[in-house]
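Visitor: Structure below; questions to follow.
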Amino acid sequence: MRRPFIYIVLLVLFVHGISAQDDVSSFELNGYLTNMQSVMYSNPSEDWIIDNLFHNRLNFFYYGGEHFTGSLKLRNRLIYGETIKLVPGYADAIEEDMGWMDLSYNLLSGNSYVLNTMIDRVWLQYSTDGFVATAGRQRINWGQTFVWNVNDIFNAYSYFDFDYEERPGSDAIRLQLYPNYTSTIELAAKLDSANKLTAAALYRFNVFSYDIQFLAGVLQEEDYVGGLGWSGNLGGAGFRGEASYFHPMKNPGDTSGMFMFSAGIDYIFPNTLMLQGEYLYSSNPFSSAFGFIDFYSGPLTVKQLAFTKHTIFASVSYQVTPLFTASLGGMYFPDMKGYFIGPSLTYNVLNNVDLSFFMQYFNAENEDPLTGQITRQQISLLFLRLKWSF
Amino acid sequence: MCVKTIITSILILLAGISTSAQDAREIIKMSDEKMQGEKTSQSTMTMTIVRPTWERVITFKNWTMGRDYSLVLITAPARDKGQTFLKRENEMWNWNPTINRLIKLPPSMMSQGWMGSDFSNDDLLKESSIVVDYTHSIIGEDEIDGWDCYKIELIPLEDAAVVWGRVLKWISKEEHLQMKSEYYDEDDYLIKTELAYDIKTMGGRVIPSKFELIPEEEDGHKTVVVMDEIIFNNPIPESFFSQQNMKKVR
């Protein structure tokens with residue numbers, strides 16, 4: 001029931017593909033294949049939870065002449081190891097699709113493994129001078145800052161999920177108008193798996209060397225949302241920010257809204273040393289019952305981006321050679337007396353092969369929702385990833 | 001017939017006068033336009049980053065219109081394919097198709113090595129102009145690779161967004177080719193040298209088709225750019241250099 005659109009897209013692509021055999025139409029395929037070994041522990045001398053992931057991404061593009069483009073992108077994942085054994089319902093969680101269409105399938109699964117395929121993009125696009133219309137599962141990215149995008153109301157995601165930089169798509173219809181060469185007006189509407197509508201308009205323009213955007217709309221039929229964002233520079237440094245205000249649609253007169261704000265600075269020295277800092281404020285931080293699990297599994301909506309009222313992020317990255325990049329990021333959560341530290345190393349072994357090491361360390365106080373008892377928790381995750389792009 | 005002959009003679013005469021009267025700035029301007037196209041250029045390039053123990057190849061397409069507008073599309077390696085860089089006047093954006101996001105780049109990016117090479121964003125996207133951002137003087141003559149060259153010194157204007165203390169350029173007397181350039185920092189240390197090779201007719205012009213950029217204090221380091229194809233002054237609408245086209249160009 002939730003899959004009618006994909007058949008339409010596939011049919012259109014197929015019919016268009018066989019009928020438009022002119023020299024302007026063409027197909028293209030790219031993607032990557034990764035293998036990632038991961039280890040999780042609270043204390044290195046105690047139990048380790050060891051997992052392995054084979055991850056293949058395929059991006060198909062169809063160019064049907066001057067005006068039509070279509071795309072289908074999917075990820076195939078073979079996950080095996082201890083998490084699936086230890087966490088009940090893990091395979092079902094992998095199969096869950098938050099979109100209006102259900103395009104995630106567990107092809108095979110057992111006690112120790114799951115093989116999942118998921119279509120996270122499938123869209124058709126019509127474009128002409130100054131106008132683009134896109135229908136289907138697509139990424140609508142309205143972010144301006146680098147870590148917390150409170151304007152990115154169509155896709156909420158977790159900063160910590162570094163292995164999925166494409167992010168999930170939205171099942172949406174989107175119209176983009178380009179009044180001039182550096183401005184956009186966008187209208188977008190999506191439905192999620194609960195048939196809830198998110199719809200908004202955005203206007204972005206360039207003035208005094210700043211990109212500035214305003215947006216207004218409805219979030220999951222629950223809140224009115226209004227936002228503003230910018231990208232510009234202070235001296236040589238990049239200066240970006242986003243603010244969003246959410247107000248409940250039910251009883252708007254006697255309920256209070258929620259305000260979120262993020263702003264950051266980035267600067268690159270001539271020797272490739274890059275410094276980044278970002279601050280996130282939320283008037284109603286998302287209180288998590290599961291501690292770190294929620295950090296990692298990612299927010300369901302943009303309103304759940306913050307776990308504490310104030311969050312601070314800082315990172316430094318350095319290109320040791322054009323092939324070898326080292327970085328260190330950190331976050332501070334004052335209300336939880338907690339912090340996150342994430343070093344990473346990436347080495348370009350061959351032209352299309354990268355070897356990366358990532359570590360994520362969390363340390364914070366967590367309140368038990370039942371007993372109210374406060375305990376300090378720590379957890380470490382280590383990842384070693386080999387990636388071949390094609 | 002007679003009128004035409006007279007006009008032609010006058011033009012030849014004028015050309016001769018302007019050649020003898022041309023000053024350093026004019027030579028630099030002609031050499032700049034020769035490579036940029038007076039109006040537009042579109043080219044396909046292969047860039048090789050050479051280091052003592054490894055090499056990496058990046059291919060890209062480049063469209064320019066005057067000084068103010070340029071668009072670069074990366075076509076290889078696979079990881080970066082489809083990324084575009086747009087420059088309009090003094091602003092720059094990057095489109096990353098993987099995350100479907102337009103990122104406005106800060107001015108501190110201009111001095112960065114582009115895609116890890118010895119060429120900076122400024123070299124590629126031409127934020128500063130060797131014509132308007134410098135004063136020029138002929139300080140000698142030299143022979144480079146068999147070409148008689150003027151040796152011209154460029155000193156940046158005080159308010160120009162230029163990182164160099166001075167630049168030396170060897171421009172061939174014939175064809176106005178930039179055969180060699182040396183870039184010095186504000187303490188007058190030589191930082192990098194650019195050399196031009198393989199002069200041939202491309203896009204209807206006699207131009208070098210291969211360039212090497214050699215950083216001074218890094219043994220065995222260089223970046224080689226080979227121009228696979230170039231077309232000059234083919235009309236390109238200004239709308240080509242737009243955020244819409246960044247996401248579409250192939």
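Residue numbering restarts at 1 in every chain; chains get A, B, ... in the order shown in the structure tokens, and ligands count up from 1 in that same order.
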Identify every residue of chain B that has at least one atom within 6 Å of any atom of chain A, counting only C-alpha atoms, and report the result as a PDB file with C-alpha atoms, in the first residue's frame.

Guide:
ATOM      1  CA  ALA B  78      34.815   8.530  -8.440  1.00  0.00           C
ATOM      2  CA  ARG B  79      34.651   9.772  -4.850  1.00  0.00           C
ATOM      3  CA  THR B  98      26.395  13.155  -2.257  1.00  0.00           C
ATOM      4  CA  ILE B  99      24.817  15.213   0.523  1.00  0.00           C
ATOM      5  CA  PRO B 106      34.660  31.406   3.123  1.00  0.00           C
ATOM      6  CA  PRO B 107      37.490  33.637   1.841  1.00  0.00           C
ATOM      7  CA  SER B 108      40.041  31.554   3.809  1.00  0.00           C
ATOM      8  CA  SER B 111      44.529  30.135  -0.459  1.00  0.00           C
ATOM      9  CA  GLN B 112      43.859  26.389  -0.069  1.00  0.00           C
ATOM     10  CA  GLY B 116      44.992  18.619  -2.529  1.00  0.00           C
ATOM     11  CA  SER B 242      24.234  29.894 -11.662  1.00  0.00           C
ATOM     12  CA  GLN B 243      23.385  27.833  -8.612  1.00  0.00           C
TER      13      GLN B 243
END

Visitor: Any chance you could list, as a list of chain:residue names, the residues in stretch 88-183 of chain B that come up helix (DSSP H, G or I) when DSSP is run on the backbone?

Guide: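 DSSP-assigned helix (DSSP H, G or I) residues in stretch 88-183 of chain B: B:Pro107, B:Ser108, B:Met109, B:Trp114, B:Met115, B:Gly116, B:Asn121, B:Asp122, B:Asp123, B:Leu124, B:Leu125.
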
Visitor: The selected residues should be written to file as a PDB file, in the first residue's frame (atoms: C-alpha atoms).

Guide:
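Final file, result-v1.pdb:
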ATOM      1  CA  PRO B 107      37.490  33.637   1.841  1.00  0.00           C
ATOM      2  CA  SER B 108      40.041  31.554   3.809  1.00  0.00           C
ATOM      3  CA  MET B 109      39.388  28.782   1.267  1.00  0.00           C
ATOM      4  CA  TRP B 114      42.577  22.897  -4.740  1.00  0.00           C
ATOM      5  CA  MET B 115      41.706  19.182  -4.356  1.00  0.00           C
ATOM      6  CA  GLY B 116      44.992  18.619  -2.529  1.00  0.00           C
ATOM      7  CA  ASN B 121      41.564  27.919  -5.370  1.00  0.00           C
ATOM      8  CA  ASP B 122      42.762  31.373  -6.325  1.00  0.00           C
ATOM      9  CA  ASP B 123      44.933  29.983  -9.125  1.00  0.00           C
ATOM     10  CA  LEU B 124      42.002  28.075 -10.489  1.00  0.00           C
ATOM     11  CA  LEU B 125      39.067  30.377  -9.884  1.00  0.00           C
TER      12      LEU B 125
END

Visitor: Please list as a PyMOL selection string every residue within 7 Å of A:Leu202, counting only C-alpha atoms and excluding residues in the same chain fewer than 3 positions away.

Guide: chain A and resi 185-187+213-216

Visitor: One number please: atom CA of A:Thr325 to atom CA of A:Gly277, in Å, one decimal.

Guide: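 Interatomic distance, atom CA of A:Thr325 to atom CA of A:Gly277: 18.6 Å.
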
Visitor: Using only C-alpha atoms, find the one residue out of A:Ile50, A:Met101, A:Val114, A:Leu78 that sits nearest to A:Asn195.

Guide: A:Met101

Visitor: Per residue of stretch 56-154 of chain B within 12 Å of stretch 188-202 of chain B, note the shortest atom pair and the distance in Å to one decimal, counting only C-alpha atoms, and order the rows by chain and increasing residue number, as JSON lines.

Guide:
{"residue": "B:Asp118", "atom": "CA", "partner": "B:Lys192", "partner_atom": "CA", "distance": 8.8}
{"residue": "B:Phe119", "atom": "CA", "partner": "B:Glu194", "partner_atom": "CA", "distance": 9.9}
{"residue": "B:Ser120", "atom": "CA", "partner": "B:Lys192", "partner_atom": "CA", "distance": 11.4}
{"residue": "B:Asp123", "atom": "CA", "partner": "B:Glu194", "partner_atom": "CA", "distance": 11.0}
{"residue": "B:Ile144", "atom": "CA", "partner": "B:Leu195", "partner_atom": "CA", "distance": 9.6}
{"residue": "B:Asp145", "atom": "CA", "partner": "B:Tyr197", "partner_atom": "CA", "distance": 8.4}
{"residue": "B:Gly146", "atom": "CA", "partner": "B:Tyr197", "partner_atom": "CA", "distance": 11.2}
{"residue": "B:Trp147", "atom": "CA", "partner": "B:Ile199", "partner_atom": "CA", "distance": 10.7}

Visitor: Which one is closest to A:Phe68: A:Asn284, A:Asn363, A:Gln125, A:Ser25? Count only C-alpha atoms.

Guide: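 The answer is A:Gln125, which sits nearest to A:Phe68.
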
Visitor: Neighbouring residues of B:Val132 were defined as those with any atom within 9 Å, considering only C-alpha atoms; residues of the same chain fewer than 4 positions away were excluded. Please report them as a PyMOL selection string.

Guide: chain B and resi 25+29+128+157+160

Visitor: Store the residues of this selection in a file with N, CA and C atoms, as a PDB file, in the first residue's frame.

Guide:
ATOM      1  N   ARG B  25      52.182  46.263 -18.657  1.00  0.00           N
ATOM      2  CA  ARG B  25      50.809  45.919 -18.297  1.00  0.00           C
ATOM      3  C   ARG B  25      50.071  45.334 -19.492  1.00  0.00           C
ATOM      4  N   LYS B  29      48.375  41.764 -19.920  1.00  0.00           N
ATOM      5  CA  LYS B  29      46.949  41.670 -20.248  1.00  0.00           C
ATOM      6  C   LYS B  29      46.740  40.740 -21.446  1.00  0.00           C
ATOM      7  N   SER B 128      41.989  36.802  -7.835  1.00  0.00           N
ATOM      8  CA  SER B 128      42.774  38.006  -8.098  1.00  0.00           C
ATOM      9  C   SER B 128      43.174  38.008  -9.572  1.00  0.00           C
ATOM     10  N   LEU B 157      49.031  45.592  -5.689  1.00  0.00           N
ATOM     11  CA  LEU B 157      48.526  46.846  -5.135  1.00  0.00           C
ATOM     12  C   LEU B 157      48.206  46.621  -3.660  1.00  0.00           C
ATOM     13  N   ALA B 160      44.880  44.983  -2.758  1.00  0.00           N
ATOM     14  CA  ALA B 160      44.480  43.805  -3.522  1.00  0.00           C
ATOM     15  C   ALA B 160      44.486  42.559  -2.641  1.00  0.00           C
TER      16      ALA B 160
END

Visitor: When you count only C-alpha atoms, which of these residues is closest to B:Thr48: B:Tyr184, B:Phe232, B:Trp93, B:Phe211?

Guide: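 Of the candidates, the smallest distance to B:Thr48 is held by B:Phe211.
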